[in-house]
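The structure under discussion appears below in the form of C-alpha cells.
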Amino acid sequence: MAEEGECSKLTIINIRRNLWQFGSIYAPQTRIGRKRTVTPQMAETLCHHLEKPGLDLDEMAVYFASTVITPAFDNSEQAIPDVVRPGTPVISAAKVRPQTGSHPSPTKTDNTHLHACGWLEPPCMWNSTVLPPGTYWGQYQDITKSNTHLSVAERLWVAWYAWVQNDVLATGIMSFVIHEFFYFGRSLPWIFIDSFGFFKRYKIQSSKVPSLREQWDCAKFVLLSHFTVELPQIWLFHPMAQFCGLSTSIPFPSPWTMTYQIAIFFVMEDTWHYFCHRALHWGPLYKAIHKVHHQYSAPFGLTAEYASPIEVMILGFGTVSSPILWCAFTGNLHILTMYIWIVLRLFQAVDAHSGYEFPWSLHHFLPFWAGADHHDLHHEKFIGNYASSFRWWDYLLDTEYTPDALKRRREKKVKANKAQ
Ligand SMILES: [Zn+2]
Ligand SMILES: [Zn+2]
C-alpha cells in the first residue's frame, strides 16, 4: 500500500492512527511541528485499501470513530460518549454522524472482522490502567496492541516517530542524542582509566597521562563544538536523508544487510579520511585548520573530536556522505543502519585516541585495522599514519610511521645509494 501511495509504511500507519485518534487524516498541528503531508494519491490509496472501499476519507473517520469509541455502536448519538485524551482534541458525539444509505452502520460483526484483520484493531480505550496516548509509552502501548508482529525495537521506533509527530524533529533529536550519548559514553571508561592509573603499563606515551583538568577543558571545547557546529547540521539530516531516499520505516533491515553495508562505509570513510587528513598536513592548511587537533601530542579518548569546526565538517563529511552516496546509487539504506554505522565510527575514533595499546587490541587479530597504536604515533610524530580505520592506504602510499616502515625505508635508501 505504501508503494502505491508513494510514501513510507510509517506514513500509512500514522494516517490510520490519525483517523482513529483525531477523526481526520491529519493530526492537529503541534507547537513545534508541522502538519503531516498527505498527498491526494496517498489518501486515494488508503481509501481503496480500507475495509469499506465505498467510503470516502471523511466517512471513514466517522466509521473508525464509532468503532473505536463504542465497540457495540448502536447508531444513536446518546450511545457515543465524549472521549477526552490528554494532548488530543475532543472527539465528540456531534462529530460522529449517523451513517445512512449505501454505507451501513458498523455492527458487532464488522468489529470482530476488524480485530481478525490485525491491522485495524481499535486502540485501547482511555482508562486509568492504560497509559495515555499523549505520552511516549502510551503510543508504544497502542502500537503494541495493533502491531504484534513487530519486534520491540521496531515498536519503540514507530512509537518515537508517532509521538513526536514531526519526522525532522524526531530524526534530529535522535541523531543528536545518539551522538552525545555514545561519544561521551565511550570516552568515560578512558577518563577513569587515566584518572585512576589503571592499565598504566599499556599506556603508549606513559609519561604523558592527561590530568582531569585537561580532560575537562577538552570536554568543554567538544561540547561547544557539538552545540554550535553539529546541532544545526543534524537538523538538516532528515530532509537530506529523505531527499536521498533513506528509509525510516519498518521493518528494519536484516543484520546481514546492515553488516555488509557498514563494512562498505568503513572502507569508503577510511579512504576519504586518508586523503583529506593528508591534505590537512600541508603547511598552510595545517596552520589554518588541523593544528587545533594536534594540540595534544599524547591523545586521550575525548580528543577524538577536539578539532577546528572546519575540520569537523571536512572529516565528518566522510562519515555522513559515505552512506548517502551508497544510498544514492543503490536506493537501499535504512536510517537505523546509518545510526549504527555512526556509533561504530565514534567508537573507532575515541578508541584510536585512547592512548592505550593492549595485547587484546583489535589490530592483533585484524592486522589491517589501525587502532590506537597507529594514531598515537601520528599525534606524537606529527607525520604519517593518516588513515582512520585501516592501515592499507598508509602502506600502499608509503606514509606508514611504524618501526617496521622506518626500517624498510632506511633499507630502501641504503640500496638506492649503493646502486648509484
Ligand atoms: Zn593529523
Ligand atoms: Zn587524532
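Chain lettering (A, B, ...) mirrors the order of the C-alpha cells, residue numbering begins at 1 for each chain separately, and ligand numbering begins at 1 in order of display.
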
Near His226 of chain A, counting only C-alpha atoms, which residues have an atom at most 12 Å away, once you skip same-chain residues fewer than 5 positions from it, shown as a list in words? Ser175, Phe176, Val177, His179, Glu180, Tyr183, Phe184, Ala219, Lys220, Phe221, Leu231, Pro232, Gln233, Ile234, Glu305, Tyr306, Ala307, Ser308, Pro309, Val312, Met313 and Gly316 of chain A

Take the residues from that selection and put them in a file with C-alpha atoms, as a compact mmCIF listing (two decimals), in the first residue's frame.
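Output file part-v4.txt follows:
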# COMPACT_ATOMS: atom_id res chain seq x y z
CA SER A 175 20.74 11.80 15.92
CA PHE A 176 21.99 14.40 18.39
CA VAL A 177 21.23 12.29 21.48
CA HIS A 179 25.97 11.23 19.08
CA GLU A 180 26.33 12.76 22.55
CA TYR A 183 30.74 9.89 22.22
CA PHE A 184 30.86 10.79 25.90
CA ALA A 219 35.23 18.10 27.02
CA LYS A 220 34.03 21.73 27.24
CA PHE A 221 35.54 22.54 23.84
CA LEU A 231 23.48 20.60 16.07
CA PRO A 232 22.40 22.68 13.05
CA GLN A 233 23.83 20.05 10.70
CA ILE A 234 21.92 17.31 12.45
CA GLU A 305 36.57 15.40 18.14
CA TYR A 306 38.79 18.14 19.51
CA ALA A 307 39.25 19.99 16.22
CA SER A 308 38.54 23.13 14.28
CA PRO A 309 34.90 23.41 13.11
CA VAL A 312 34.85 18.63 11.83
CA MET A 313 32.92 19.46 8.66
CA GLY A 316 32.66 14.45 9.26

Please identify every polymer residue within 7 Å of ligand 1, using only C-alpha atoms and all ligand atoms, and present the set as a list in words. His277, His281, His290, His294, His378, His379, Phe382 and Tyr386 of chain A

List all protein, DNA and RNA residues that have an atom no more than 12 Å from any atom of ligand 2, counting only C-alpha atoms and all ligand atoms, and report them as a PyMOL selection string. chain A and resi 273+277+280+290-308+311-312+315+348-355+371-389

Deliver the residues from the most recent selection as a file, using C-alpha atoms, as a PDB file, in the first residue's frame.
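To be explicit, this is the file written out as again_39.pdb:
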ATOM      1  CA  HIS A 273      39.784  10.396   5.712  1.00  0.00           C
ATOM      2  CA  HIS A 277      43.817  14.224   6.551  1.00  0.00           C
ATOM      3  CA  LEU A 280      45.369  18.889   6.095  1.00  0.00           C
ATOM      4  CA  HIS A 290      44.446  20.990  11.572  1.00  0.00           C
ATOM      5  CA  LYS A 291      46.777  22.476  14.192  1.00  0.00           C
ATOM      6  CA  VAL A 292      43.935  22.562  16.733  1.00  0.00           C
ATOM      7  CA  HIS A 293      43.564  18.775  16.652  1.00  0.00           C
ATOM      8  CA  HIS A 294      47.300  18.349  17.194  1.00  0.00           C
ATOM      9  CA  GLN A 295      47.294  20.428  20.370  1.00  0.00           C
ATOM     10  CA  TYR A 296      47.528  17.147  22.254  1.00  0.00           C
ATOM     11  CA  SER A 297      50.661  15.245  21.230  1.00  0.00           C
ATOM     12  CA  ALA A 298      49.565  12.412  23.544  1.00  0.00           C
ATOM     13  CA  PRO A 299      45.870  11.959  22.737  1.00  0.00           C
ATOM     14  CA  PHE A 300      43.152  10.651  25.063  1.00  0.00           C
ATOM     15  CA  GLY A 301      39.610   9.464  24.249  1.00  0.00           C
ATOM     16  CA  LEU A 302      37.917  12.860  24.417  1.00  0.00           C
ATOM     17  CA  THR A 303      40.346  14.427  21.920  1.00  0.00           C
ATOM     18  CA  ALA A 304      38.781  12.432  19.053  1.00  0.00           C
ATOM     19  CA  GLU A 305      36.569  15.400  18.142  1.00  0.00           C
ATOM     20  CA  TYR A 306      38.790  18.143  19.513  1.00  0.00           C
ATOM     21  CA  ALA A 307      39.249  19.990  16.222  1.00  0.00           C
ATOM     22  CA  SER A 308      38.542  23.125  14.279  1.00  0.00           C
ATOM     23  CA  GLU A 311      37.947  20.083  10.161  1.00  0.00           C
ATOM     24  CA  VAL A 312      34.849  18.633  11.829  1.00  0.00           C
ATOM     25  CA  LEU A 315      36.255  14.855   8.027  1.00  0.00           C
ATOM     26  CA  GLN A 348      36.676   3.726  16.387  1.00  0.00           C
ATOM     27  CA  ALA A 349      37.626   7.420  16.687  1.00  0.00           C
ATOM     28  CA  VAL A 350      37.517   7.514  20.502  1.00  0.00           C
ATOM     29  CA  ASP A 351      39.459   4.249  20.828  1.00  0.00           C
ATOM     30  CA  ALA A 352      42.079   5.363  18.283  1.00  0.00           C
ATOM     31  CA  HIS A 353      42.722   8.395  20.523  1.00  0.00           C
ATOM     32  CA  SER A 354      42.664   6.436  23.789  1.00  0.00           C
ATOM     33  CA  GLY A 355      46.464   6.281  24.057  1.00  0.00           C
ATOM     34  CA  GLY A 371      43.689   1.327  16.209  1.00  0.00           C
ATOM     35  CA  ALA A 372      45.355   3.432  18.913  1.00  0.00           C
ATOM     36  CA  ASP A 373      48.821   2.116  18.159  1.00  0.00           C
ATOM     37  CA  HIS A 374      48.606   3.639  14.661  1.00  0.00           C
ATOM     38  CA  HIS A 375      47.046   7.013  15.523  1.00  0.00           C
ATOM     39  CA  ASP A 376      49.007   7.706  18.718  1.00  0.00           C
ATOM     40  CA  LEU A 377      52.215   7.758  16.685  1.00  0.00           C
ATOM     41  CA  HIS A 378      50.614  10.249  14.309  1.00  0.00           C
ATOM     42  CA  HIS A 379      49.954  12.617  17.224  1.00  0.00           C
ATOM     43  CA  GLU A 380      53.411  12.065  18.685  1.00  0.00           C
ATOM     44  CA  LYS A 381      55.412  12.486  15.450  1.00  0.00           C
ATOM     45  CA  PHE A 382      53.015  14.788  13.503  1.00  0.00           C
ATOM     46  CA  ILE A 383      53.670  12.791  10.358  1.00  0.00           C
ATOM     47  CA  GLY A 384      52.465   9.593   8.650  1.00  0.00           C
ATOM     48  CA  ASN A 385      49.619   7.231   9.647  1.00  0.00           C
ATOM     49  CA  TYR A 386      46.912   9.430   8.116  1.00  0.00           C
ATOM     50  CA  ALA A 387      44.122   6.869   7.740  1.00  0.00           C
ATOM     51  CA  SER A 388      41.328   6.412  10.280  1.00  0.00           C
ATOM     52  CA  SER A 389      40.294   2.750  10.405  1.00  0.00           C
TER      53      SER A 389
END

For Phe192 of chain A: contacts at 12 Å, only C-alpha atoms, fewer than 3 positions along chain excluded, given as a CSV table (one decimal) with C-alpha atoms, in the first residue's frame:
chain,number,residue,atom,x,y,z
A,185,GLY,CA,29.7,7.3,27.0
A,186,ARG,CA,32.6,5.7,25.1
A,187,SER,CA,35.1,8.3,26.4
A,188,LEU,CA,34.1,7.8,30.1
A,189,PRO,CA,36.0,4.5,30.6
A,195,SER,CA,42.5,9.2,36.3
A,196,PHE,CA,43.0,6.1,38.4
A,197,GLY,CA,46.1,4.9,36.6
A,198,PHE,CA,44.6,1.5,35.5
A,199,PHE,CA,46.5,-0.3,32.8
A,200,LYS,CA,49.5,2.1,33.2
A,209,VAL,CA,48.9,11.0,31.3
A,210,PRO,CA,46.3,13.7,30.9
A,211,SER,CA,45.1,15.4,34.1
A,212,LEU,CA,41.5,15.7,35.0
A,215,GLN,CA,40.2,16.3,30.1
A,300,PHE,CA,43.2,10.7,25.1
A,301,GLY,CA,39.6,9.5,24.2
A,302,LEU,CA,37.9,12.9,24.4
A,354,SER,CA,42.7,6.4,23.8

Closest to His334 of chain A among A:Val267, A:Tyr161, A:Thr257, A:Phe181, using only C-alpha atoms?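 Selected residue with least distance to His334 of chain A: A:Thr257.
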
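Distance-wise, atom CA of Trp272 of chain A and atom CA of Arg345 of chain A end up 13.5 Å apart.
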
A:Ser8, A:Ser206, A:Asn332, A:Thr148: which is nearest Ser249 of chain A, counting only C-alpha atoms?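 Looking only at the distances to Ser249 of chain A, the closest residue turns out to be A:Ser8.
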